[in-house]
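Undergrad: One file is attached below, model05.cif, containing mmCIF, C-alpha atoms.
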data_query
#
loop_
_atom_site.label_atom_id
_atom_site.label_comp_id
_atom_site.auth_asym_id
_atom_site.auth_seq_id
_atom_site.Cartn_x
_atom_site.Cartn_y
_atom_site.Cartn_z
CA MET A 1 29.96 -29.92 -27.85
CA LYS A 2 26.48 -28.56 -28.39
CA GLU A 3 26.08 -24.87 -29.08
CA ARG A 4 24.99 -22.93 -26.00
CA LEU A 5 23.87 -19.32 -25.75
CA SER A 6 24.38 -16.87 -22.94
CA ILE A 7 21.40 -15.03 -21.48
CA GLY A 8 22.48 -11.90 -23.39
CA GLU A 9 22.65 -13.78 -26.69
CA VAL A 10 19.19 -15.28 -26.18
CA ALA A 11 17.83 -11.88 -25.19
CA ASP A 12 19.30 -10.26 -28.32
CA ARG A 13 18.04 -12.97 -30.67
CA ALA A 14 14.58 -13.02 -29.07
CA GLY A 15 14.29 -9.24 -28.75
CA VAL A 16 13.58 -9.27 -25.01
CA ALA A 17 15.41 -8.11 -21.92
CA PRO A 18 17.47 -10.64 -19.96
CA SER A 19 15.16 -9.95 -17.01
CA ALA A 20 12.26 -11.27 -19.13
CA LEU A 21 14.10 -14.55 -19.59
CA ARG A 22 14.72 -14.85 -15.86
CA TYR A 23 11.04 -14.09 -15.25
CA TYR A 24 9.93 -16.73 -17.79
CA GLU A 25 12.20 -19.24 -16.07
CA ALA A 26 10.75 -18.38 -12.65
CA GLU A 27 7.23 -18.80 -14.09
CA ARG A 28 8.24 -22.20 -15.54
CA LEU A 29 7.64 -21.08 -19.12
CA LEU A 30 11.25 -21.83 -20.03
CA PRO A 31 13.22 -24.86 -18.95
CA GLU A 32 15.96 -24.19 -16.45
CA PRO A 33 19.16 -23.78 -18.47
CA GLU A 34 22.40 -25.57 -17.85
CA ARG A 35 25.00 -23.68 -15.86
CA VAL A 36 28.55 -23.25 -17.10
CA SER A 37 30.83 -21.62 -14.54
CA GLY A 38 27.69 -20.42 -12.75
CA ARG A 39 26.27 -18.71 -15.86
CA ARG A 40 23.16 -19.70 -17.76
CA ALA A 41 23.88 -21.67 -20.94
CA TYR A 42 20.77 -22.01 -23.10
CA ASP A 43 19.95 -24.40 -25.87
CA PRO A 44 19.39 -22.33 -29.05
CA GLY A 45 15.85 -23.75 -29.27
CA VAL A 46 14.86 -21.53 -26.35
CA VAL A 47 14.75 -18.56 -28.74
CA ARG A 48 11.81 -20.19 -30.53
CA ARG A 49 10.08 -20.85 -27.20
CA VAL A 50 10.45 -17.17 -26.28
CA ALA A 51 8.90 -16.24 -29.66
CA VAL A 52 5.91 -18.46 -28.84
CA ILE A 53 5.57 -16.84 -25.40
CA GLN A 54 5.73 -13.37 -26.94
CA ALA A 55 3.11 -14.31 -29.55
CA CYS A 56 0.81 -15.59 -26.80
CA ARG A 57 1.33 -12.40 -24.78
CA ALA A 58 0.51 -10.32 -27.89
CA ALA A 59 -2.71 -12.35 -28.26
CA GLY A 60 -3.65 -11.39 -24.71
CA PHE A 61 -2.86 -14.63 -22.92
CA THR A 62 -1.92 -14.45 -19.27
CA ILE A 63 1.18 -16.11 -17.87
CA ARG A 64 -1.09 -18.73 -16.29
CA GLU A 65 -2.69 -19.50 -19.66
CA ILE A 66 0.69 -19.72 -21.38
CA ARG A 67 1.93 -22.02 -18.62
CA ALA A 68 -1.12 -24.26 -19.18
CA LEU A 69 -0.39 -24.36 -22.90
CA VAL A 70 3.31 -25.08 -22.43
CA GLY A 71 2.60 -27.60 -19.67
CA ALA A 72 0.02 -29.44 -21.73
CA THR A 73 2.36 -29.88 -24.66
CA ALA A 74 5.18 -30.97 -22.32
CA ALA A 75 2.79 -33.56 -20.86
CA GLY A 76 2.21 -35.05 -24.29
CA VAL A 77 -1.00 -33.26 -25.31
CA ALA A 78 -0.90 -32.45 -29.02
CA PRO A 79 -0.08 -28.75 -29.52
CA GLY A 80 -3.22 -28.27 -31.61
CA GLU A 81 -5.44 -29.69 -28.88
CA ALA A 82 -3.73 -27.70 -26.15
CA TRP A 83 -4.10 -24.55 -28.25
CA ARG A 84 -7.79 -25.29 -28.93
CA GLN A 85 -8.55 -25.58 -25.22
CA VAL A 86 -6.81 -22.35 -24.28
CA ALA A 87 -8.01 -20.42 -27.36
CA GLU A 88 -11.68 -21.36 -26.85
CA ALA A 89 -11.61 -19.96 -23.33
CA LYS A 90 -9.83 -16.82 -24.55
CA LEU A 91 -12.41 -16.32 -27.34
CA ALA A 92 -15.21 -16.32 -24.75
CA GLU A 93 -13.30 -13.69 -22.79
CA VAL A 94 -12.81 -11.59 -25.94
CA ALA A 95 -16.54 -11.77 -26.70
CA ALA A 96 -17.31 -10.44 -23.22
CA LEU A 97 -14.78 -7.63 -23.68
CA GLU A 98 -16.32 -6.74 -27.04
CA ALA A 99 -19.79 -6.57 -25.48
CA ARG A 100 -18.49 -4.33 -22.72
CA ALA A 101 -16.71 -2.10 -25.22
CA ALA A 102 -19.93 -1.77 -27.26
CA ASP A 103 -21.79 -0.73 -24.09
CA MET A 104 -19.07 1.80 -23.29
CA ARG A 105 -19.21 3.24 -26.82
CA ARG A 106 -23.01 3.58 -26.65
CA TRP A 107 -22.86 5.35 -23.28
CA LEU A 108 -20.10 7.69 -24.40
CA GLU A 109 -21.86 8.61 -27.63
CA GLU A 110 -25.16 9.20 -25.82
CA GLY A 111 -23.32 11.29 -23.23
CA LEU A 112 -21.76 13.43 -25.93
CA ALA A 113 -25.23 14.11 -27.35
CA CYS A 114 -26.61 15.02 -23.89
CA GLY A 115 -27.60 18.63 -23.26
CA CYS A 116 -28.13 18.46 -19.49
CA LEU A 117 -26.92 21.31 -17.34
CA ARG A 118 -26.26 19.11 -14.30
CA ILE A 119 -25.03 15.51 -14.28
CA GLU A 120 -27.61 14.63 -11.63
CA ASP A 121 -30.42 15.61 -14.04
CA CYS A 122 -29.07 13.57 -16.94
CA ALA A 123 -31.26 10.81 -18.35
CA LEU A 124 -28.12 8.69 -18.71
CA ALA A 125 -27.61 8.76 -14.94
CA GLU A 126 -31.21 7.75 -14.37
CA ARG A 127 -30.99 4.92 -16.87
CA ALA A 128 -27.63 3.83 -15.41
CA GLN A 129 -29.22 3.57 -11.99
CA GLU A 130 -32.04 1.43 -13.40
CA GLU A 131 -29.67 -0.81 -15.36
CA MET A 132 -27.02 -1.12 -12.64
CA PRO A 133 -27.96 -4.63 -11.39
CA ASN A 134 -27.99 -6.03 -14.93
CA ARG A 135 -24.75 -4.31 -15.89
CA LEU A 136 -22.94 -5.53 -12.79
CA ALA A 137 -24.03 -9.10 -13.44
CA ARG A 138 -22.76 -8.89 -17.05
CA GLN A 139 -19.42 -7.42 -16.01
CA MET A 140 -18.64 -10.12 -13.49
CA SER A 141 -16.16 -12.51 -15.03
CA PRO A 142 -13.46 -14.80 -13.67
CA LEU A 143 -10.91 -12.11 -14.55
CA GLU A 144 -12.68 -9.11 -13.09
CA GLY A 145 -14.95 -10.48 -10.38
CA PRO A 146 -14.85 -9.23 -6.80
CA ALA A 147 -12.48 -11.96 -5.61
CA THR A 148 -9.91 -11.09 -8.27
CA SER A 149 -10.21 -7.38 -7.56
CA ARG A 150 -9.66 -8.02 -3.86
CA LYS A 151 -6.60 -10.15 -4.63
CA ARG A 152 -5.14 -7.43 -6.81
CA ARG A 153 -5.65 -4.79 -4.11
CA THR A 154 -4.19 -7.07 -1.47
CA ARG A 155 -1.11 -7.78 -3.55
CA SER A 156 -0.50 -4.14 -4.29
CA LEU A 157 -0.88 -3.19 -0.62
CA GLY A 158 1.15 -6.03 0.80
#
Is it possible to express this structure as structure tokens?
TA:
Amino acid sequence: MKERLSIGEVADRAGVAPSALRYYEAERLLPEPERVSGRRAYDPGVVRRVAVIQACRAAGFTIREIRALVGATAAGVAPGEAWRQVAEAKLAEVAALEARAADMRRWLEEGLACGCLRIEDCALAERAQEEMPNRLARQMSPLEGPATSRKRRTRSLG
């Protein structure tokens, strides 16, 4: 008989909580395990899959992006090609985050050097008002655009 691991054993070996494994199953990142007397019985290879998921999460990938990567390889796309597709999109996102962080640093440093007595009189506020349309256009991204923000608010309220 093939070796099978309980959810607790997989969780211990992978360094995650059992609830994380159930979540990954629900998100279709892990294959549904066999059931033995109603309990999950995992193939030991699932520990490696969890390590890949954790590495992707550490790299900033969303569950949707990880699912695309896992789904592509399951559909026969070479892992390297699937990774390239997902990584290229993530690199563009990282570049946008870096640009935004550089803008934030510049504003914060200029603000620290400011000697204004009232915020309303500050040259930074005046410049911010002038630059607002350009800054808003740069900040709009598929991850942070108005539609996504609305969805997040809706989910948290409902």
Undergrad: Run the PyMOL selection byres ((chain A and resi 78-86) around 9) on the file and write out the hits as a PyMOL selection string.
TA: chain A and resi 61+65-66+68-70+72-73+76-77+87-91
Undergrad: Hey, what comes out of the PyMOL selection byres ((chain A and resi 27) around 12) on this file? Could you write it as a PyMOL selection string?
TA: chain A and resi 20-26+28-32+53+62-68+70-71
Undergrad: Extract, using all atoms listed in the file, all DNA, RNA and protein residues at most 8 Å from Pro44 of chain A, discarding same-chain residues fewer than 5 positions from it, and format them as a ChimeraX atom specification.
TA: /A:3-5,10
Undergrad: Please identify all polymer residues within 12 Å of Ile7 of chain A, counting all atoms listed in the file, omitting same-chain residues fewer than 2 positions from it, and present them as a PyMOL selection string.
TA: chain A and resi 4-5+9-22+25+32-36+39-44+46-47
Undergrad: Between atom CA of Cys116 of chain A and atom CA of Ala128 of chain A, what is the spacing in Å?
TA: 15.2 Å
Undergrad: Could you state the separation of atom CA of Trp107 of chain A and atom CA of Asp121 of chain A in Å, given to one decimal place?
TA: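 We find that atom CA of Trp107 of chain A and atom CA of Asp121 of chain A lie 15.7 Å from each other.
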Undergrad: One number please: atom CA of Leu124 of chain A to atom CA of Asp103 of chain A, in Å, one decimal.
TA: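 Separation of atom CA of Leu124 of chain A and atom CA of Asp103 of chain A: 12.6 Å.
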Undergrad: So which residues touch Glu110 of chain A within 10 Å, counting all atoms listed in the file, skipping near sequence neighbours fewer than 4 positions away, as a PyMOL selection string?
TA: chain A and resi 104-106+114+123-124
